[in-house]
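K.L.:
To be precise about what I am sending: the file is called work-v2.pdb and holds PDB, C-alpha atoms.
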ATOM      1  CA  MET A  87    -166.033 -89.413 -50.195
ATOM      2  CA  VAL A  88    -167.697 -88.946 -53.573
ATOM      3  CA  GLY A  89    -169.071 -92.236 -54.795
ATOM      4  CA  GLY A  90    -168.426 -95.087 -52.494
ATOM      5  CA  ASP A  91    -168.821 -98.817 -52.482
ATOM      6  CA  LEU A  92    -171.560-100.019 -50.151
ATOM      7  CA  PHE A  93    -171.888-103.565 -48.872
ATOM      8  CA  VAL A  94    -174.175-105.327 -46.408
ATOM      9  CA  ALA A  95    -172.341-105.366 -43.073
ATOM     10  CA  GLU A  96    -174.044-108.387 -41.450
ATOM     11  CA  ASP A  97    -176.670-110.893 -42.566
ATOM     12  CA  GLY A  98    -180.017-109.121 -42.211
ATOM     13  CA  LEU A  99    -182.200-106.304 -43.437
ATOM     14  CA  ILE A 100    -180.991-102.858 -44.508
ATOM     15  CA  GLY A 101    -182.407 -99.803 -42.744
ATOM     16  CA  ALA A 102    -183.061 -96.700 -44.860
ATOM     17  CA  THR A 103    -184.260 -93.332 -43.524
ATOM     18  CA  LEU A 104    -185.069 -90.229 -45.548
ATOM     19  CA  LEU A 105    -183.111 -87.566 -43.641
ATOM     20  CA  SER A 106    -183.901 -84.590 -45.903
ATOM     21  CA  ASN A 107    -185.631 -83.898 -49.195
ATOM     22  CA  GLY A 108    -183.834 -80.647 -49.923
ATOM     23  CA  GLY A 109    -187.104 -78.988 -50.898
ATOM     24  CA  SER A 110    -187.051 -80.857 -54.198
ATOM     25  CA  THR A 111    -190.457 -81.040 -55.874
ATOM     26  CA  PHE A 112    -189.674 -84.253 -57.737
ATOM     27  CA  PHE A 113    -187.200 -87.016 -56.966
ATOM     28  CA  ASP A 114    -186.879 -90.761 -56.768
ATOM     29  CA  VAL A 115    -184.401 -92.741 -54.640
ATOM     30  CA  GLN A 116    -183.945 -96.504 -55.008
ATOM     31  CA  LEU A 117    -181.600 -99.090 -53.524
ATOM     32  CA  GLY A 118    -180.305-101.850 -55.754
ATOM     33  CA  TYR A 119    -178.179-104.838 -54.904
ATOM     34  CA  SER A 120    -176.091-107.361 -56.747
ATOM     35  CA  THR A 121    -177.532-110.836 -57.049
ATOM     36  CA  CYS A 122    -174.240-112.241 -58.286
ATOM     37  CA  GLU A 123    -170.597-111.187 -58.100
ATOM     38  CA  SER A 124    -167.467-113.345 -57.960
ATOM     39  CA  ASN A 125    -167.808-117.047 -58.735
ATOM     40  CA  CYS A 126    -171.078-116.292 -60.463
ATOM     41  CA  THR A 127    -172.451-118.545 -63.183
ATOM     42  CA  ASN A 128    -174.166-115.579 -64.859
ATOM     43  CA  PRO A 129    -171.940-114.639 -67.830
ATOM     44  CA  GLN A 130    -173.040-110.999 -67.593
ATOM     45  CA  ARG A 131    -172.566-110.020 -63.960
ATOM     46  CA  GLN A 132    -173.425-106.407 -64.769
ATOM     47  CA  ASP A 133    -177.001-107.548 -65.489
ATOM     48  CA  ALA A 134    -177.346-109.474 -62.213
ATOM     49  CA  PHE A 135    -179.088-107.035 -59.879
ATOM     50  CA  ALA A 136    -182.455-106.338 -58.267
ATOM     51  CA  PHE A 137    -184.048-103.609 -56.184
ATOM     52  CA  ALA A 138    -184.778-103.749 -52.467
ATOM     53  CA  PHE A 139    -188.277-102.919 -51.383
ATOM     54  CA  GLY A 140    -189.662-101.756 -48.078
ATOM     55  CA  VAL A 141    -193.215-101.184 -49.280
ATOM     56  CA  ALA A 142    -193.105-100.575 -53.036
ATOM     57  CA  PRO A 143    -190.681 -98.863 -55.394
ATOM     58  CA  PRO A 144    -189.332 -96.240 -55.243
ATOM     59  CA  LEU A 145    -187.998 -96.208 -51.698
ATOM     60  CA  PHE A 146    -188.367 -92.470 -51.315
ATOM     61  CA  ASN A 147    -189.819 -89.675 -53.416
ATOM     62  CA  GLN A 148    -191.083 -86.104 -52.971
ATOM     63  CA  ASN A 149    -194.216 -87.426 -51.205
ATOM     64  CA  THR A 150    -192.225 -89.282 -48.536
ATOM     65  CA  ILE A 151    -192.232 -87.617 -45.138
ATOM     66  CA  VAL A 152    -188.742 -86.740 -43.880
ATOM     67  CA  GLY A 153    -187.887 -89.183 -41.093
ATOM     68  CA  THR A 154    -189.596 -92.148 -42.770
ATOM     69  CA  THR A 155    -187.627 -95.316 -42.044
ATOM     70  CA  LEU A 156    -187.918 -98.558 -43.992
ATOM     71  CA  ALA A 157    -186.566-102.044 -43.298
ATOM     72  CA  LEU A 158    -185.421-103.286 -46.701
ATOM     73  CA  GLN A 159    -185.275-106.891 -47.767
ATOM     74  CA  PRO A 160    -184.404-108.628 -51.009
ATOM     75  CA  GLN A 161    -187.126-109.130 -53.588
ATOM     76  CA  SER A 162    -188.866-112.439 -53.099
ATOM     77  CA  GLY A 163    -188.326-114.952 -55.861
ATOM     78  CA  ILE A 164    -184.928-113.535 -56.907
ATOM     79  CA  PRO A 165    -181.948-115.554 -55.642
ATOM     80  CA  ILE A 166    -178.738-113.988 -54.330
ATOM     81  CA  HIS A 167    -175.681-116.051 -55.236
ATOM     82  CA  GLY A 168    -178.030-118.840 -56.303
ATOM     83  CA  GLN A 169    -179.896-119.064 -52.985
ATOM     84  CA  MET A 170    -183.366-117.857 -52.059
ATOM     85  CA  VAL A 171    -183.016-115.622 -49.011
ATOM     86  CA  SER A 172    -185.308-113.379 -46.983
ATOM     87  CA  ALA A 173    -182.455-111.211 -45.661
ATOM     88  CA  PHE A 174    -179.318-109.854 -47.290
ATOM     89  CA  PRO A 175    -176.157-111.956 -46.942
ATOM     90  CA  SER A 176    -173.148-110.162 -45.477
ATOM     91  CA  GLY A 177    -170.953-108.654 -48.191
ATOM     92  CA  THR A 178    -173.729-108.187 -50.781
ATOM     93  CA  PRO A 179    -172.832-105.143 -52.915
ATOM     94  CA  LEU A 180    -175.421-102.333 -52.733
ATOM     95  CA  PHE A 181    -175.974 -99.169 -54.726
ATOM     96  CA  LEU A 182    -178.248 -96.226 -54.077
ATOM     97  CA  PHE A 183    -179.344 -94.055 -56.955
ATOM     98  CA  PHE A 184    -181.267 -90.838 -57.377
ATOM     99  CA  GLY A 185    -183.141 -89.168 -60.198
ATOM    100  CA  ASP A 186    -184.665 -85.690 -60.332
ATOM    101  CA  GLY A 187    -186.797 -85.417 -63.459
ATOM    102  CA  GLU A 188    -187.182 -81.640 -63.251
ATOM    103  CA  PHE A 189    -183.526 -80.864 -63.855
ATOM    104  CA  ASN A 190    -182.334 -84.142 -65.371
ATOM    105  CA  ASP A 191    -180.064 -84.722 -62.384
ATOM    106  CA  PHE A 192    -179.036 -88.331 -61.838
ATOM    107  CA  SER A 193    -176.540 -89.684 -59.359
ATOM    108  CA  ALA A 194    -175.461 -92.951 -57.758
ATOM    109  CA  THR A 195    -173.055 -94.460 -55.314
ATOM    110  CA  ALA A 196    -170.478 -96.708 -56.953
ATOM    111  CA  ASN A 197    -171.906 -99.586 -58.972
ATOM    112  CA  ASN A 198    -171.005-101.710 -61.958
ATOM    113  CA  LYS A 199    -174.494-102.614 -63.086
ATOM    114  CA  ASP A 200    -176.040-102.099 -66.501
ATOM    115  CA  LEU A 201    -178.868 -99.722 -65.606
ATOM    116  CA  ALA A 202    -181.156 -98.227 -68.239
ATOM    117  CA  ARG A 203    -179.432 -94.845 -67.889
ATOM    118  CA  ALA A 204    -175.905 -93.797 -67.049
ATOM    119  CA  TYR A 205    -175.815 -92.708 -63.412
ATOM    120  CA  PRO A 206    -172.670 -90.727 -62.589
ATOM    121  CA  GLU A 207    -171.092 -91.839 -59.337
ATOM    122  CA  THR A 208    -171.410 -88.420 -57.722
ATOM    123  CA  ALA A 209    -173.318 -89.250 -54.538
ATOM    124  CA  LEU A 210    -171.471 -88.247 -51.399
ATOM    125  CA  VAL A 211    -171.138 -91.202 -49.012
ATOM    126  CA  THR A 212    -170.134 -90.627 -45.403
ATOM    127  CA  TYR A 213    -169.505 -93.790 -43.398
ATOM    128  CA  GLY A 214    -170.368 -93.767 -39.715
ATOM    129  CA  ALA A 215    -169.909 -96.027 -36.727
ATOM    130  CA  ASN A 216    -171.762 -99.288 -36.159
ATOM    131  CA  GLY A 217    -172.506-100.073 -39.801
ATOM    132  CA  THR A 218    -174.094 -96.782 -40.806
ATOM    133  CA  ALA A 219    -173.679 -94.402 -43.720
ATOM    134  CA  ILE A 220    -175.265 -91.220 -44.998
ATOM    135  CA  VAL A 221    -175.689 -90.802 -48.735
ATOM    136  CA  GLU A 222    -176.230 -87.284 -50.058
ATOM    137  CA  PHE A 223    -177.434 -86.416 -53.542
ATOM    138  CA  ARG A 224    -177.104 -82.826 -54.766
ATOM    139  CA  THR A 225    -179.139 -81.380 -57.617
ATOM    140  CA  SER A 226    -178.113 -78.649 -60.037
ATOM    141  CA  ALA A 227    -180.764 -76.448 -58.382
ATOM    142  CA  GLY A 228    -178.954 -76.808 -55.044
ATOM    143  CA  ALA A 229    -181.276 -79.297 -53.353
ATOM    144  CA  ARG A 230    -179.695 -81.892 -51.088
ATOM    145  CA  ILE A 231    -181.480 -85.197 -50.611
ATOM    146  CA  ARG A 232    -179.990 -87.252 -47.779
ATOM    147  CA  VAL A 233    -180.599 -90.891 -46.911
ATOM    148  CA  GLY A 234    -179.303 -92.675 -43.823
ATOM    149  CA  LEU A 235    -178.490 -96.366 -44.088
ATOM    150  CA  SER A 236    -177.875 -99.001 -41.439
ATOM    151  CA  ASN A 237    -176.259-102.441 -41.695
ATOM    152  CA  VAL A 238    -173.852-101.219 -44.364
ATOM    153  CA  ARG A 239    -170.094-100.807 -44.674
ATOM    154  CA  GLY A 240    -167.623 -99.465 -47.176
ATOM    155  CA  SER A 241    -165.208-101.509 -49.250
ATOM    156  CA  SER A 242    -163.191-102.286 -46.131
ATOM    157  CA  SER A 243    -164.500-103.006 -42.652
ATOM    158  CA  ALA A 244    -162.924 -99.757 -41.480
ATOM    159  CA  GLY A 245    -164.824 -97.695 -44.061
ATOM    160  CA  CYS A 246    -163.297 -94.780 -45.960
TER     161      CYS A 246
END
The structure given in the file should be rewritten as structure tokens.
P.N.:
Amino acid sequence: MVGGDLFVAEDGLIGATLLSNGGSTFFDVQLGYSTCESNCTNPQRQDAFAFAFGVAPPLFNQNTIVGTTLALQPQSGIPIHGQMVSAFPSGTPLFLFFGDGEFNDFSATANNKDLARAYPETALVTYGANGTAIVEFRTSAGARIRVGLSNVRGSSSAGC
């Protein structure tokens, strides 16, 4: 499906693997997550988000070796739903976004956050078994950047 809501499937870390870089000479992929959704005391929920880090941002770029896998955790010092956590709580909304500076291509999975730029929800999300998904970003030059995720689900437990 094009676009696609992503959520943490079970309490824990998120796995992210760069499956292909599409031959792109410049790109940046990051994973963001909501720090506050329903029943949130933040009056501007669209501003309540942070980015998951495995090593340092971005998660993946043109220098990342295909097959690199990261275990992603929440940023330290930033609460999720008002609690300090070292792993993602089940049901936390996630969004993956991509930028390719060469061709001004930008894409994201579904999100409702107020990012610095408008990211069209054009990423292709394919949900798999056992809490997995593949997110594919396509550039205007025909490159396909693919990222595999684990410990994720779609908007329903059955996926899309």
K.L.:
Which neighbours of segment 167-183 of chain A fall inside 7 Å, counting all atoms listed in the file, when residues of the same chain fewer than 6 positions from it are skipped, and could you give them as a PDB file with C-alpha atoms, keeping the file's coordinate frame?
P.N.:
ATOM      1  CA  LEU A  92    -171.560-100.019 -50.151  1.00  0.00           C
ATOM      2  CA  PHE A  93    -171.888-103.565 -48.872  1.00  0.00           C
ATOM      3  CA  VAL A  94    -174.175-105.327 -46.408  1.00  0.00           C
ATOM      4  CA  ALA A  95    -172.341-105.366 -43.073  1.00  0.00           C
ATOM      5  CA  GLU A  96    -174.044-108.387 -41.450  1.00  0.00           C
ATOM      6  CA  ASP A  97    -176.670-110.893 -42.566  1.00  0.00           C
ATOM      7  CA  GLY A  98    -180.017-109.121 -42.211  1.00  0.00           C
ATOM      8  CA  LEU A  99    -182.200-106.304 -43.437  1.00  0.00           C
ATOM      9  CA  VAL A 115    -184.401 -92.741 -54.640  1.00  0.00           C
ATOM     10  CA  GLN A 116    -183.945 -96.504 -55.008  1.00  0.00           C
ATOM     11  CA  LEU A 117    -181.600 -99.090 -53.524  1.00  0.00           C
ATOM     12  CA  GLY A 118    -180.305-101.850 -55.754  1.00  0.00           C
ATOM     13  CA  TYR A 119    -178.179-104.838 -54.904  1.00  0.00           C
ATOM     14  CA  SER A 120    -176.091-107.361 -56.747  1.00  0.00           C
ATOM     15  CA  THR A 121    -177.532-110.836 -57.049  1.00  0.00           C
ATOM     16  CA  CYS A 122    -174.240-112.241 -58.286  1.00  0.00           C
ATOM     17  CA  CYS A 126    -171.078-116.292 -60.463  1.00  0.00           C
ATOM     18  CA  GLN A 159    -185.275-106.891 -47.767  1.00  0.00           C
ATOM     19  CA  PRO A 160    -184.404-108.628 -51.009  1.00  0.00           C
ATOM     20  CA  SER A 193    -176.540 -89.684 -59.359  1.00  0.00           C
ATOM     21  CA  ALA A 194    -175.461 -92.951 -57.758  1.00  0.00           C
ATOM     22  CA  THR A 195    -173.055 -94.460 -55.314  1.00  0.00           C
ATOM     23  CA  ALA A 196    -170.478 -96.708 -56.953  1.00  0.00           C
ATOM     24  CA  ASN A 197    -171.906 -99.586 -58.972  1.00  0.00           C
TER      25      ASN A 197
END
K.L.:
Atom CA of Gly90 of chain A and atom CA of Val211 of chain A, how far apart in Å?
P.N.:
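It comes out at 5.9 Å.
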K.L.:
In Å, how far is it from atom CA of Gly101 of chain A to atom CA of Ser162 of chain A?
P.N.:
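If I compute the distance from atom CA of Gly101 of chain A to atom CA of Ser162 of chain A, I get 17.6 Å.
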K.L.:
Using atom CA of Asp114 of chain A and atom CA of Ile220 of chain A as the two end points, give the distance in Å to one decimal.
P.N.:
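Separation between atom CA of Asp114 of chain A and atom CA of Ile220 of chain A: 16.5 Å.
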K.L.:
Quick check on the file I pasted: which residues fall under the PyMOL selection byres ((chain A and resi 105) around 6)? Write them as a ChimeraX atom specification.
P.N.:
/A:103-104,106,152-153,232-233
K.L.:
With the PyMOL selection byres ((chain A and resi 224) around 9) as the selection, what would be picked from this file? Answer as a PyMOL selection string, please.
P.N.:
chain A and resi 108+191+193+208-210+222-223+225-232
K.L.:
Excluding same-chain residues fewer than 3 positions from Ser110 of chain A, what lies within 7 Å of it counting only C-alpha atoms, as a VMD selection string?
P.N.:
chain A and resid 107 113 148 229
K.L.:
Draw an axis-aligned box tight on the listed atoms of segment 150-159 of chain A, then pad every side by 5 Å and write out centre and edge lengths in Å to one decimal as lines of an AutoDock Vina configuration file.
P.N.:
center_x = -188.8
center_y = -96.8
center_z = -44.8
size_x = 17.0
size_y = 30.2
size_z = 17.4
K.L.:
Where does the PyMOL selection byres ((chain A and resi 157) around 6) land in this file, that is, which residues does it pick, as a short mmCIF file (atom, residue, chain, number, x, y, z; two decimals) with C-alpha atoms, keeping the file's coordinate frame?
P.N.:
data_model
loop_
_atom_site.label_atom_id
_atom_site.label_comp_id
_atom_site.auth_asym_id
_atom_site.auth_seq_id
_atom_site.Cartn_x
_atom_site.Cartn_y
_atom_site.Cartn_z
CA ILE A 100 -180.99 -102.86 -44.51
CA GLY A 101 -182.41 -99.80 -42.74
CA GLY A 140 -189.66 -101.76 -48.08
CA LEU A 156 -187.92 -98.56 -43.99
CA LEU A 158 -185.42 -103.29 -46.70
#
K.L.:
From the set A:Phe192, A:Gly234, A:Ala136, A:Ala102, which residue has the shortest atom-to-atom contact distance to Gly163 of chain A, counting all atoms listed in the file?
P.N.:
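Of the candidates, the smallest distance to Gly163 of chain A is held by A:Ala136.
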